[in-house]
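**Q** If it helps, the file is called work_21.tsv and holds TSV, C-alpha atoms:
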chain	number	residue	atom	x	y	z
A	339	MET	CA	14.59	15.59	12.73
A	340	SER	CA	12.94	13.83	9.79
A	341	THR	CA	9.16	13.55	9.78
A	342	ILE	CA	9.66	9.94	8.60
A	343	ASP	CA	11.29	7.60	11.13
A	344	VAL	CA	10.83	3.87	10.52
A	345	TYR	CA	13.76	1.54	11.20
A	346	SER	CA	11.92	-1.66	12.10
A	347	GLU	CA	8.70	-3.58	11.57
A	348	VAL	CA	7.90	-3.91	15.27
A	349	GLY	CA	8.90	-0.71	17.09
A	350	LYS	CA	5.95	0.91	18.81
A	351	VAL	CA	3.95	2.90	16.27
A	352	LYS	CA	3.81	6.62	17.07
A	353	LYS	CA	2.27	7.93	13.83
A	354	ILE	CA	0.57	5.99	11.05
A	355	LEU	CA	-1.19	6.76	7.77
A	356	VAL	CA	-4.47	5.09	6.73
A	357	SER	CA	-7.38	5.75	4.38
A	358	ARG	CA	-11.00	5.12	5.38
A	359	PRO	CA	-12.55	3.10	2.53
A	360	GLU	CA	-16.12	4.37	2.38
A	361	LEU	CA	-15.44	7.10	-0.23
A	362	TYR	CA	-14.34	4.87	-3.06
A	363	PHE	CA	-15.66	1.39	-2.27
A	364	ASP	CA	-19.01	2.35	-3.81
A	365	ALA	CA	-17.19	2.43	-7.16
A	366	VAL	CA	-16.78	-1.35	-7.09
A	367	ARG	CA	-19.36	-2.78	-9.49
A	368	PRO	CA	-19.94	-6.42	-10.49
A	369	ASP	CA	-18.65	-5.79	-14.00
A	370	SER	CA	-15.65	-3.69	-12.95
A	371	ARG	CA	-14.38	-5.40	-9.81
A	372	GLU	CA	-11.68	-7.44	-11.59
A	373	PHE	CA	-10.24	-4.33	-13.24
A	374	GLN	CA	-10.39	-2.61	-9.85
A	375	LEU	CA	-8.59	-5.54	-8.21
A	376	VAL	CA	-11.37	-6.24	-5.72
A	377	ASP	CA	-12.72	-9.77	-5.27
A	378	ASP	CA	-16.37	-8.84	-4.83
A	379	VAL	CA	-18.70	-5.87	-4.57
A	380	VAL	CA	-18.27	-4.28	-1.15
A	381	TRP	CA	-20.72	-2.91	1.39
A	382	ALA	CA	-18.93	0.41	1.70
A	383	GLU	CA	-20.71	1.67	4.82
A	384	GLN	CA	-19.88	-1.48	6.76
A	385	ALA	CA	-16.30	-1.48	5.47
A	386	GLY	CA	-15.90	2.02	6.89
A	387	LYS	CA	-17.23	0.91	10.29
A	388	ASP	CA	-14.90	-2.09	10.32
A	389	HIS	CA	-12.00	0.17	9.42
A	390	ASP	CA	-12.92	2.34	12.43
A	391	VAL	CA	-12.31	-0.70	14.66
A	392	PHE	CA	-8.87	-0.98	13.10
A	393	THR	CA	-7.98	2.67	13.73
A	394	GLN	CA	-9.32	2.52	17.28
A	395	HIS	CA	-6.85	-0.30	18.03
A	396	LEU	CA	-4.10	1.98	16.75
A	397	ARG	CA	-5.20	4.93	18.91
A	398	ASP	CA	-5.71	2.75	21.99
A	399	ASN	CA	-2.06	1.75	21.68
A	400	GLY	CA	-0.81	5.32	21.52
A	401	ALA	CA	-0.56	5.94	17.77
A	402	GLU	CA	-1.49	9.20	16.07
A	403	VAL	CA	-3.68	8.20	13.11
A	404	VAL	CA	-3.62	10.42	10.03
A	405	TYR	CA	-5.88	9.97	7.02
A	406	LEU	CA	-4.74	10.22	3.44
A	407	GLU	CA	-7.92	12.07	2.45
A	408	ASP	CA	-7.25	14.75	5.08
A	409	LEU	CA	-3.63	15.16	3.97
A	410	PHE	CA	-4.79	15.38	0.35
A	411	GLU	CA	-7.21	18.16	1.29
A	412	ARG	CA	-4.41	20.03	3.07
A	413	SER	CA	-2.10	19.60	0.08
A	414	LEU	CA	-4.38	21.53	-2.28
A	415	GLY	CA	-3.21	25.05	-2.96
A	416	ASP	CA	-4.47	27.75	-5.29
A	417	GLU	CA	-6.26	27.32	-8.60
A	418	ALA	CA	-3.04	26.79	-10.55
A	419	ASP	CA	-1.89	24.10	-8.11
A	420	ARG	CA	-5.20	22.24	-8.30
A	421	ARG	CA	-5.26	22.44	-12.07
A	422	LYS	CA	-1.72	21.08	-12.26
A	423	PHE	CA	-2.71	18.17	-10.01
A	424	LEU	CA	-5.89	17.53	-11.99
A	425	ASP	CA	-4.05	17.51	-15.32
A	426	GLU	CA	-1.64	14.87	-13.99
A	427	TYR	CA	-4.47	12.78	-12.52
A	428	MET	CA	-6.54	12.86	-15.72
A	429	THR	CA	-3.55	11.89	-17.81
A	430	GLU	CA	-2.92	8.94	-15.50
A	431	ASP	CA	-6.59	8.01	-16.02
A	432	PHE	CA	-6.08	8.09	-19.81
A	433	ILE	CA	-8.39	11.10	-20.27
A	434	TYR	CA	-6.93	12.88	-23.31
A	435	ASP	CA	-9.94	14.60	-24.83
A	436	ASP	CA	-9.44	18.34	-24.21
A	437	ALA	CA	-13.16	19.08	-24.00
A	438	LYS	CA	-13.71	16.26	-21.50
A	439	ARG	CA	-10.80	17.49	-19.38
A	440	GLU	CA	-12.32	20.97	-19.37
A	441	GLN	CA	-15.73	19.61	-18.34
A	442	ILE	CA	-14.17	17.77	-15.40
A	443	ALA	CA	-12.24	20.89	-14.39
A	444	ASN	CA	-15.40	23.00	-14.58
A	445	TYR	CA	-17.07	20.52	-12.23
A	446	LEU	CA	-14.24	20.31	-9.68
A	447	MET	CA	-12.57	23.71	-9.59
A	448	PRO	CA	-15.40	25.66	-7.87
A	449	MET	CA	-15.38	23.18	-4.96
A	450	SER	CA	-13.80	23.71	-1.56
A	451	ALA	CA	-10.56	21.83	-0.87
A	452	HIS	CA	-12.54	19.39	1.26
A	453	ASP	CA	-15.05	18.58	-1.48
A	454	PHE	CA	-12.40	18.58	-4.24
A	455	ALA	CA	-10.29	15.98	-2.40
A	456	ARG	CA	-13.19	13.71	-1.56
A	457	THR	CA	-14.74	13.94	-5.02
A	458	VAL	CA	-11.47	12.99	-6.70
A	459	MET	CA	-11.05	10.01	-4.38
A	460	ALA	CA	-14.68	8.93	-4.85
A	461	GLY	CA	-14.55	9.23	-8.66
A	462	ILE	CA	-16.76	11.28	-10.98
A	463	GLU	CA	-19.70	9.65	-12.71
A	464	LYS	CA	-20.89	10.72	-16.14
A	465	LYS	CA	-24.20	11.87	-14.72
A	466	ASP	CA	-22.34	14.27	-12.41
A	467	LEU	CA	-21.36	16.39	-15.43
A	468	GLU	CA	-24.86	16.79	-16.83
A	469	ALA	CA	-25.29	20.28	-15.35
A	470	VAL	CA	-21.74	21.43	-16.07
A	471	THR	CA	-20.83	23.88	-18.84
A	472	LYS	CA	-19.65	21.63	-21.63
A	473	PRO	CA	-17.27	22.75	-24.35
A	474	TRP	CA	-18.32	21.13	-27.61
A	475	SER	CA	-16.78	17.72	-28.16
A	476	LEU	CA	-17.37	15.20	-30.90
A	477	SER	CA	-17.17	12.49	-28.24
A	478	ASP	CA	-20.29	14.00	-26.62
A	479	ALA	CA	-22.14	14.00	-29.94
A	480	LEU	CA	-21.29	10.38	-30.75
A	481	PRO	CA	-22.77	7.34	-28.97
A	482	ASP	CA	-21.06	6.48	-25.68
A	483	ASP	CA	-18.42	3.87	-26.49
A	484	THR	CA	-18.22	2.76	-22.82
A	485	PRO	CA	-21.91	2.51	-21.86
A	486	ASP	CA	-21.22	-0.03	-19.11
A	487	ASP	CA	-18.76	2.27	-17.35
A	488	PRO	CA	-20.59	4.93	-15.29
A	489	TYR	CA	-17.41	6.90	-14.57
A	490	VAL	CA	-15.93	9.75	-16.54
A	491	MET	CA	-12.98	10.04	-14.12
A	492	HIS	CA	-12.10	6.95	-12.16
A	493	THR	CA	-10.93	6.27	-8.66
A	494	SER	CA	-8.73	3.53	-7.30
A	495	CYS	CA	-10.70	1.30	-4.98
A	496	ASN	CA	-7.39	0.36	-3.39
A	497	PHE	CA	-6.66	3.68	-1.69
A	498	VAL	CA	-7.43	1.70	1.49
A	499	MET	CA	-4.32	-0.43	0.86
A	500	CYS	CA	-1.98	2.45	1.58
A	501	ARG	CA	1.12	0.31	2.14
A	502	ASP	CA	1.81	0.21	-1.59
A	503	PRO	CA	1.82	3.69	-3.24
A	504	GLY	CA	4.36	5.21	-0.86
A	505	CYS	CA	6.66	3.63	1.68
A	506	SER	CA	8.59	4.86	4.75
A	507	VAL	CA	12.20	3.67	4.61
A	508	GLY	CA	14.25	4.83	7.58
A	509	SER	CA	14.12	8.63	7.45
A	510	ASN	CA	13.20	8.70	3.77
A	511	PHE	CA	10.36	7.73	1.45
A	512	THR	CA	9.49	6.09	-1.86
A	513	LEU	CA	6.75	6.87	-4.36
A	514	ASN	CA	6.03	3.74	-6.31
A	515	ARG	CA	4.86	2.66	-9.74
A	516	PHE	CA	2.24	-0.11	-10.02
A	517	VAL	CA	1.86	-2.98	-12.45
A	518	GLN	CA	-1.89	-2.30	-12.64
A	519	ASN	CA	-2.81	1.01	-14.23
A	520	ALA	CA	-5.84	1.37	-11.93
A	521	ARG	CA	-3.59	1.82	-8.91
A	522	ASN	CA	-1.29	4.46	-10.38
A	523	LEU	CA	-4.02	7.03	-9.68
A	524	GLU	CA	-3.17	6.60	-5.99
A	525	THR	CA	0.42	7.65	-6.46
A	526	VAL	CA	-0.62	10.92	-8.13
A	527	VAL	CA	-2.42	11.80	-4.87
A	528	TRP	CA	0.50	10.65	-2.71
A	529	LYS	CA	2.96	12.68	-4.80
A	530	HIS	CA	0.91	15.83	-4.28
A	531	VAL	CA	0.80	15.20	-0.53
A	532	PHE	CA	4.54	14.50	-0.41
A	533	GLU	CA	5.34	17.72	-2.24
A	534	ASN	CA	2.96	20.01	-0.36
A	535	VAL	CA	2.39	18.85	3.24
A	536	LYS	CA	5.60	19.60	5.08
A	537	ASP	CA	4.68	17.96	8.37
A	538	PHE	CA	4.15	14.76	6.35
A	539	ALA	CA	7.41	14.90	4.43
A	540	SER	CA	9.74	17.66	5.61
A	541	GLU	CA	12.66	19.00	3.60
A	542	ASP	CA	14.88	16.42	5.33
A	543	VAL	CA	13.07	13.53	3.64
A	544	LYS	CA	14.74	12.21	0.49
A	545	LEU	CA	12.71	10.56	-2.24
A	546	LEU	CA	14.40	7.20	-2.86
A	547	HIS	CA	12.20	6.04	-5.73
A	548	THR	CA	9.75	7.98	-7.88
A	549	ASN	CA	6.57	7.29	-9.76
A	550	ASN	CA	8.23	7.41	-13.16
A	551	PRO	CA	5.63	6.57	-15.84
A	552	TYR	CA	8.40	4.86	-17.81
A	553	GLY	CA	10.04	3.23	-14.83
A	554	GLU	CA	9.96	-0.29	-13.47
A	555	THR	CA	7.28	-1.27	-10.99
A	556	ILE	CA	7.76	-1.67	-7.24
A	557	GLU	CA	5.09	-1.83	-4.54
A	558	GLY	CA	5.30	-1.11	-0.81
A	559	GLY	CA	3.94	-4.48	0.28
A	560	ASP	CA	7.21	-5.99	-0.92
A	561	ILE	CA	9.36	-3.75	1.31
A	562	CYS	CA	10.07	-4.84	4.90
A	563	ILE	CA	12.38	-2.93	7.28
A	564	LEU	CA	14.00	-5.75	9.27
A	565	SER	CA	16.47	-3.56	11.17
A	566	PRO	CA	18.34	-0.23	10.91
A	567	GLU	CA	20.85	-2.13	8.74
A	568	VAL	CA	18.76	-4.58	6.72
A	569	ILE	CA	15.78	-4.24	4.39
A	570	ALA	CA	13.97	-7.24	2.92
A	571	ILE	CA	12.25	-6.85	-0.43
A	572	GLY	CA	10.13	-9.34	-2.32
A	573	HIS	CA	10.72	-10.16	-5.96
A	574	SER	CA	7.05	-10.76	-6.66
A	575	CYS	CA	4.72	-10.50	-9.62
A	576	ARG	CA	4.37	-6.79	-8.73
A	577	THR	CA	7.99	-5.77	-8.00
A	578	LEU	CA	10.50	-6.19	-10.80
A	579	PRO	CA	14.29	-6.73	-10.63
A	580	GLN	CA	15.21	-3.42	-12.26
A	581	ALA	CA	13.14	-1.52	-9.69
A	582	ILE	CA	14.77	-3.49	-6.86
A	583	GLU	CA	18.18	-2.45	-8.22
A	584	GLN	CA	17.14	1.21	-8.39
A	585	PHE	CA	15.67	1.06	-4.88
A	586	ALA	CA	18.72	-0.71	-3.41
A	587	LYS	CA	21.23	1.71	-4.96
A	588	ALA	CA	19.29	4.77	-3.79
A	589	THR	CA	18.69	3.40	-0.29
A	590	LEU	CA	22.19	2.12	0.38
A	591	ALA	CA	23.72	5.37	-0.91
A	592	SER	CA	21.27	7.66	0.91
A	593	GLY	CA	23.46	8.23	3.96
A	594	ASP	CA	20.95	6.38	6.15
A	595	SER	CA	22.02	3.42	8.29
A	596	PHE	CA	21.02	0.62	5.88
A	597	LYS	CA	23.84	-1.64	4.71
A	598	LYS	CA	22.08	-4.48	2.95
A	599	VAL	CA	18.96	-5.22	0.90
A	600	VAL	CA	17.90	-8.89	0.97
A	601	VAL	CA	15.77	-10.03	-1.97
A	602	PHE	CA	13.21	-12.75	-1.26
A	603	GLU	CA	12.27	-14.69	-4.37
A	604	ILE	CA	8.60	-15.57	-3.74
A	605	PRO	CA	6.01	-17.42	-5.86
A	606	LYS	CA	4.43	-15.37	-8.63
A	607	GLY	CA	0.64	-15.19	-8.46
A	608	ARG	CA	-2.28	-13.21	-7.11
A	609	ALA	CA	-2.41	-15.22	-3.86
A	610	TYR	CA	1.20	-14.20	-3.12
A	611	MET	CA	1.14	-10.71	-4.59
A	612	HIS	CA	3.62	-9.19	-2.09
A	613	LEU	CA	6.21	-10.31	0.44
A	614	ASP	CA	3.92	-9.21	3.27
A	615	THR	CA	1.22	-11.65	2.14
A	616	VAL	CA	3.54	-14.57	2.96
A	617	PHE	CA	5.91	-13.20	5.63
A	618	THR	CA	5.68	-10.55	8.37
A	619	GLN	CA	7.55	-9.77	11.58
A	620	VAL	CA	5.51	-9.83	14.79
A	621	ASP	CA	8.19	-9.34	17.46
A	622	VAL	CA	11.91	-8.71	17.66
A	623	ASP	CA	12.60	-12.42	17.16
A	624	LYS	CA	9.23	-13.74	15.90
A	625	PHE	CA	7.92	-14.00	12.36
A	626	THR	CA	4.77	-15.39	10.82
A	627	PHE	CA	5.02	-17.02	7.42
A	628	TYR	CA	3.09	-19.04	4.85
A	629	PRO	CA	4.62	-22.56	4.75
A	630	GLY	CA	4.16	-22.78	0.99
A	631	ILE	CA	7.08	-20.40	0.38
A	632	ILE	CA	9.74	-22.35	2.25
A	633	GLY	CA	10.45	-25.07	-0.31
A	634	GLY	CA	11.22	-22.71	-3.16
A	635	LEU	CA	12.53	-19.72	-1.20
A	636	LYS	CA	15.68	-18.12	-2.62
A	637	LEU	CA	17.53	-15.18	-1.07
A	638	TYR	CA	19.91	-12.68	-2.64
A	639	GLU	CA	21.87	-10.10	-0.66
A	640	LEU	CA	22.54	-6.74	-2.30
A	641	THR	CA	25.33	-4.48	-1.03
A	642	LEU	CA	27.24	-1.50	-2.42
A	643	ALA	CA	30.80	-2.06	-3.61
A	644	GLY	CA	33.48	0.54	-3.01
A	645	ASP	CA	32.91	2.11	-6.42
A	646	GLY	CA	29.18	2.53	-5.75
A	647	SER	CA	28.10	-0.37	-7.92
A	648	LEU	CA	25.65	-2.98	-6.67
A	649	ARG	CA	26.86	-6.43	-5.68
A	650	ALA	CA	24.52	-9.45	-5.46
A	651	ASP	CA	25.26	-12.67	-3.56
A	652	TYR	CA	23.05	-15.74	-3.63
A	653	VAL	CA	22.45	-17.05	-0.10
A	654	GLN	CA	22.12	-20.79	0.42
A	655	GLU	CA	20.69	-21.15	3.90
A	656	SER	CA	17.34	-21.62	5.58
A	657	LEU	CA	15.05	-18.72	6.41
A	658	GLU	CA	15.69	-19.34	10.10
A	659	GLU	CA	19.48	-19.23	9.77
A	660	CYS	CA	19.32	-16.23	7.47
A	661	LEU	CA	17.21	-14.19	9.93
A	662	LYS	CA	19.43	-15.13	12.87
A	663	ARG	CA	22.51	-13.98	10.99
A	664	LEU	CA	21.06	-10.78	9.56
A	665	LEU	CA	19.47	-9.66	12.83
A	666	HIS	CA	22.24	-10.93	15.14
A	667	LEU	CA	19.85	-13.10	17.11
A	668	PRO	CA	20.65	-16.37	18.94
A	669	ALA	CA	17.32	-17.83	17.83
A	670	VAL	CA	14.15	-16.89	15.97
A	671	ASP	CA	10.60	-18.17	16.31
A	672	LEU	CA	8.96	-18.90	12.95
A	673	ILE	CA	5.17	-19.12	13.31
A	674	PRO	CA	3.41	-20.81	10.38
A	675	CYS	CA	0.09	-19.54	9.07
A	676	ALA	CA	-2.78	-21.60	10.57
A	677	GLY	CA	-0.23	-23.58	12.59
A	678	GLY	CA	1.20	-25.16	9.45
A	679	ASP	CA	-1.74	-27.34	8.45
A	680	PRO	CA	-1.47	-27.38	4.61
A	681	PHE	CA	-5.21	-27.01	3.92
A	682	TRP	CA	-5.92	-24.28	6.47
A	683	ALA	CA	-2.65	-22.49	5.74
A	684	ASP	CA	-3.79	-22.09	2.11
A	685	TYR	CA	-7.25	-21.06	3.28
A	686	GLU	CA	-6.10	-18.40	5.74
A	687	GLN	CA	-3.23	-17.13	3.61
A	688	TRP	CA	-5.82	-16.31	0.93
A	689	SER	CA	-7.57	-14.06	3.47
A	690	ASP	CA	-4.28	-12.49	4.62
A	691	GLY	CA	-3.54	-14.67	7.60
A	692	SER	CA	0.17	-13.82	7.29
A	693	ASN	CA	-0.43	-10.11	6.75
A	694	THR	CA	-0.05	-8.92	10.33
A	695	LEU	CA	0.63	-5.36	11.43
A	696	ALA	CA	2.89	-5.15	14.48
A	697	ILE	CA	2.07	-1.97	16.41
A	698	ALA	CA	4.57	-2.76	19.20
A	699	PRO	CA	6.91	-5.68	19.91
A	700	GLY	CA	4.69	-8.73	20.28
A	701	VAL	CA	1.44	-6.80	19.68
A	702	VAL	CA	-0.25	-7.27	16.30
A	703	VAL	CA	-3.46	-6.41	14.47
A	704	THR	CA	-5.03	-9.16	12.35
A	705	TYR	CA	-8.32	-10.10	10.71
A	706	ASP	CA	-10.79	-11.93	12.95
A	707	ARG	CA	-11.58	-14.57	10.31
A	708	ASN	CA	-8.07	-16.08	10.48
A	709	HIS	CA	-8.69	-17.60	13.89
A	710	ARG	CA	-6.35	-20.56	13.46
A	711	THR	CA	-3.42	-18.28	12.76
A	712	ASN	CA	-4.50	-15.95	15.56
A	713	ASP	CA	-4.67	-18.85	18.02
A	714	CYS	CA	-1.18	-19.90	16.94
A	715	LEU	CA	0.15	-16.39	17.47
A	716	ASN	CA	-1.37	-16.31	20.96
A	717	ARG	CA	0.32	-19.62	21.78
A	718	HIS	CA	3.63	-17.98	20.86
A	719	ASP	CA	2.96	-15.14	23.33
A	720	VAL	CA	1.94	-12.60	20.70
A	721	LYS	CA	-0.95	-10.35	21.69
A	722	VAL	CA	-3.56	-10.31	18.92
A	723	LEU	CA	-6.04	-7.46	18.30
A	724	THR	CA	-8.63	-8.40	15.69
A	725	VAL	CA	-10.53	-6.41	13.08
A	726	PRO	CA	-13.86	-7.46	11.46
A	727	SER	CA	-12.92	-8.65	7.99
A	728	GLY	CA	-16.09	-9.53	6.12
A	729	GLU	CA	-15.93	-6.48	3.84
A	730	LEU	CA	-12.34	-5.27	4.13
A	731	CYS	CA	-10.76	-8.54	3.01
A	732	ARG	CA	-12.55	-8.33	-0.36
A	733	ALA	CA	-9.95	-5.75	-1.38
A	734	ARG	CA	-7.21	-8.41	-1.07
A	735	GLY	CA	-5.11	-7.04	1.74
A	736	GLY	CA	-4.81	-7.27	5.50
A	737	PRO	CA	-3.95	-4.87	8.35
A	738	ARG	CA	-0.34	-4.34	7.23
A	739	CYS	CA	-1.53	-3.59	3.70
A	740	MET	CA	-4.03	-1.04	5.10
A	741	SER	CA	-1.42	1.09	6.87
A	742	MET	CA	1.83	2.97	6.41
A	743	PRO	CA	3.70	3.74	9.65
A	744	LEU	CA	5.39	7.13	9.49
A	745	VAL	CA	7.09	7.05	12.91
A	746	ARG	CA	8.07	4.06	15.06
A	747	GLU	CA	9.98	4.09	18.32
A	748	SER	CA	13.53	2.79	18.16
A	749	LEU	CA	14.04	-0.70	19.56
Could I get this file's structure written as structure tokens?

**A**
Amino acid sequence: MSTIDVYSEVGKVKKILVSRPELYFDAVRPDSREFQLVDDVVWAEQAGKDHDVFTQHLRDNGAEVVYLEDLFERSLGDEADRRKFLDEYMTEDFIYDDAKREQIANYLMPMSAHDFARTVMAGIEKKDLEAVTKPWSLSDALPDDTPDDPYVMHTSCNFVMCRDPGCSVGSNFTLNRFVQNARNLETVVWKHVFENVKDFASEDVKLLHTNNPYGETIEGGDICILSPEVIAIGHSCRTLPQAIEQFAKATLASGDSFKKVVVFEIPKGRAYMHLDTVFTQVDVDKFTFYPGIIGGLKLYELTLAGDGSLRADYVQESLEECLKRLLHLPAVDLIPCAGGDPFWADYEQWSDGSNTLAIAPGVVVTYDRNHRTNDCLNRHDVKVLTVPSGELCRARGGPRCMSMPLVRESL
């Protein structure tokens, strides 16, 4: 049996991956937050406590919670393995100076696996290397050309948003490439975990898409498993058509049960960065959505032809009719963000009002601040479990963004 088993968005979660944000949120500085894709400096300690509320909801509902940082620690092997990982990570961080790479290695390699993993994820500041044996480098002799950047090796402050770097798809997995260079550091860690922790990804798990440095970008927030036969994927500002083609061909030819990939054309912009920021499933026949997408929504259905080539058909029907047809349902309940009020829908969509995580049919986790949307969900008989959002929402993602289910019960 595969260690990955996700064939819906709403089956009861049995095992789920998260990352507690305290390690790397301290790296968010006023002058670096835009590069790090965070809206404001974050109170890391409080963010960690708020994240603990989130994970307690998961445990209370029967889910096994696993942490990326723990898996990363377990993935680290001998000295050669760690050096291989470190070389890949430093290259992804654009560290090419041989002397600087050696200094960083001299700092990290004596550490235990626990400290190595957490130090990498927290980032290494320039001052950390002051006591390290330093091979001579002209860059050390010259004035610092990045005096406002305290880091010699960076972290991604978006490790917490673990929906995006890797994605469970049926019994298989993807490793993704990001538009923003800052986030590609995450995938180096995920790749090492995927390759080395066998109870995370067993030999039965196929890799459907890889973090190819020269490949097209695709992010997990755009991938939604509607049923064992249908996957929805957003064509967003982060997920490009060529990557969708590669993903669809690999998935539909994988031998898994999927027969169709439906492409949602969504608005391009930071407010609508992924499909799951404007549309999520909350029950077998219930969906929450941002009303602003409906007017310009276009759908394309991708299937495999007999010769293995990809076929695309433009679908001219409403979202409601499309979901009924694809999921073989007599009716669906579309629940608008903030009840559909244009002003408050914009307001709560910005703070991830439509980014719900279903942990069982009709049971969702949301941010507490989106109370209008939460009230609307309750009126539609959806049980809502809330998470404090004052710090977490600064990273531009909600509960679905902060999690990657690894095993869900079949519906």

**Q** Pull the closest atom pair for each residue of range 518-593 of chain A that gets at most 9 Å from range 389-411 of chain A, along with the distance in Å to one decimal, counting all atoms listed in the file, ordering rows by chain and then ascending residue number, as a Markdown table.

**A**
| residue | atom | partner | partner_atom | distance |
| --- | --- | --- | --- | --- |
| A:Val527 | CA | A:Phe410 | CA | 6.8 |
| A:Trp528 | CA | A:Phe410 | CA | 7.7 |
| A:His530 | CA | A:Phe410 | CA | 7.4 |
| A:Val531 | CA | A:Phe410 | CA | 5.7 |
| A:Val535 | CA | A:Leu409 | CA | 7.1 |
| A:Phe538 | CA | A:Leu409 | CA | 8.1 |

**Q** I need the chosen residues saved as a short mmCIF file (atom, residue, chain, number, x, y, z; two decimals), keeping the file's coordinate frame, with C-alpha atoms.

**A**
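For reference, selection.cif as written:
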data_model
loop_
_atom_site.label_atom_id
_atom_site.label_comp_id
_atom_site.auth_asym_id
_atom_site.auth_seq_id
_atom_site.Cartn_x
_atom_site.Cartn_y
_atom_site.Cartn_z
CA VAL A 527 -2.42 11.80 -4.87
CA TRP A 528 0.50 10.65 -2.71
CA HIS A 530 0.91 15.83 -4.28
CA VAL A 531 0.80 15.20 -0.53
CA VAL A 535 2.39 18.85 3.24
CA PHE A 538 4.15 14.76 6.35
#

**Q** For CA of Ala643 in chain A and CA of Ala586 in chain A, quote the distance in Å rounded to one decimal.

**A**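 Atom-to-atom, CA of Ala643 in chain A to CA of Ala586 in chain A, that is 12.2 Å.
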
**Q** Report the distance between CA of Glu463 in chain A and CA of Phe432 in chain A in Å, rounded to one decimal place.

**A** 15.4 Å

**Q** Just checking: using only C-alpha atoms, which residue out of A:Ser346, A:Thr471, A:Thr577, A:Thr704 ends up closest to Phe516 in chain A?

**A**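 Result for the nearest residue to Phe516 in chain A: A:Thr577.
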
**Q** Measuring between all atoms listed in the file, which one of A:Gln384, A:Gln654, A:Ser477, A:Asn712 shows the shortest distance to Pro674 in chain A?

**A**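 Answer, going by the shortest atom-to-atom distance: A:Asn712.
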
**Q** Please build the interface table for range 486-560 of chain A against range 566-572 of chain A with a cut-off of 12 Å, listing for each qualifying residue the nearest atom pair and the distance in Å to one decimal; count only C-alpha atoms, order rows by chain and increasing number, and write it as CSV.

**A**
residue,atom,partner,partner_atom,distance
A:Ser506,CA,A:Ile569,CA,11.6
A:Val507,CA,A:Ile569,CA,8.7
A:Gly508,CA,A:Pro566,CA,7.3
A:Ser509,CA,A:Pro566,CA,10.4
A:Ile556,CA,A:Gly572,CA,9.4
A:Glu557,CA,A:Gly572,CA,9.3
A:Gly558,CA,A:Ile571,CA,9.0
A:Gly559,CA,A:Gly572,CA,8.3
A:Asp560,CA,A:Gly572,CA,4.7

**Q** Given all atoms listed in the file as the basis, pick out the residue of A:Tyr638, A:Asp706, A:Glu659, A:Thr548 nearest to Pro579 in chain A.

**A**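 Residue with the minimum atom-to-atom distance to Pro579 in chain A: A:Tyr638.
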
**Q** Box for range 533-550 of chain A: with edges along x, y and z, all listed atoms inside and 6 Å added on each side, what are the centre and edge lengths in Å to one decimal, as AutoDock Vina command-line options?

**A**
--center_x 8.6 --center_y 13.0 --center_z -2.4 --size_x 24.5 --size_y 26.0 --size_z 33.5

**Q** Quick one: residues within 12 Å of Leu424 in chain A, all atoms listed in the file counted, chain neighbours fewer than 5 positions away excluded, as a PyMOL selection string?

**A** chain A and resi 414+417-419+429-431+433+439-447+454-455+457-459+491+523+526-527+530

**Q** Counting only C-alpha atoms, which residues come within 12 Å of (0.4, -2.1, 22.8), with the point read in the file's coordinates, and could you list them as an MDAnalysis selection string?

**A** chainID A and resid 348:352 395:401 621 695:703 720:723

**Q** What's the separation between CA of Thr484 in chain A and CA of Lys464 in chain A, in Å to one decimal place?

**A**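 Taking CA of Thr484 in chain A and CA of Lys464 in chain A, their separation equals 10.7 Å.
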
**Q** Choose the residue, out of A:Val599, A:Glu347, A:Ala676, A:Glu554, that has the smallest atom-to-atom separation from Asp713 in chain A; count only C-alpha atoms.

**A**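 Counting only C-alpha atoms, the residue closest to Asp713 in chain A is A:Ala676.
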
**Q** Find the residue from A:Val622, A:Asp679, A:Arg501, A:Glu541 that sits nearest to Asn693 in chain A; use only C-alpha atoms when measuring.

**A**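 Smallest separation from Asn693 in chain A among the options: A:Arg501.
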
**Q** Find the spatial neighbours of Leu664 in chain A, counting all atoms listed in the file, within a cut-off of 9 Å - ignore same-chain residues fewer than 2 positions away - and output them as an mmCIF file with C-alpha atoms, in the coordinates of the input.

**A**
data_model
loop_
_atom_site.group_PDB
_atom_site.id
_atom_site.type_symbol
_atom_site.label_atom_id
_atom_site.label_comp_id
_atom_site.auth_asym_id
_atom_site.auth_seq_id
_atom_site.Cartn_x
_atom_site.Cartn_y
_atom_site.Cartn_z
ATOM 1 C CA LEU A 564 14.000 -5.750 9.270
ATOM 2 C CA SER A 565 16.470 -3.560 11.170
ATOM 3 C CA GLU A 567 20.850 -2.130 8.740
ATOM 4 C CA VAL A 568 18.760 -4.580 6.720
ATOM 5 C CA GLU A 659 19.480 -19.230 9.770
ATOM 6 C CA CYS A 660 19.320 -16.230 7.470
ATOM 7 C CA LEU A 661 17.210 -14.190 9.930
ATOM 8 C CA LYS A 662 19.430 -15.130 12.870
ATOM 9 C CA HIS A 666 22.240 -10.930 15.140
ATOM 10 C CA LEU A 667 19.850 -13.100 17.110
#

**Q** Residues near range 735-737 of chain A, anyone? I mean within 9 Å using all atoms listed in the file, not counting same-chain ones fewer than 4 positions away, as a list of chain:residue names.

**A** A:Phe392, A:Met499, A:Thr615, A:Ser689, A:Asp690, A:Gly691, A:Ser692, A:Asn693, A:Thr694, A:Leu695, A:Val703, A:Thr704, A:Tyr705, A:Val725, A:Ser727, A:Leu730, A:Cys731, A:Ser741

**Q** Determine the nearest neighbour of Ala382 in chain A from the options A:Ala451, A:Ala460, A:Leu578, A:Ile632, counting all atoms listed in the file.

**A**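 Nearest candidate to Ala382 in chain A out of A:Ala451, A:Ala460, A:Leu578, A:Ile632: A:Ala460.
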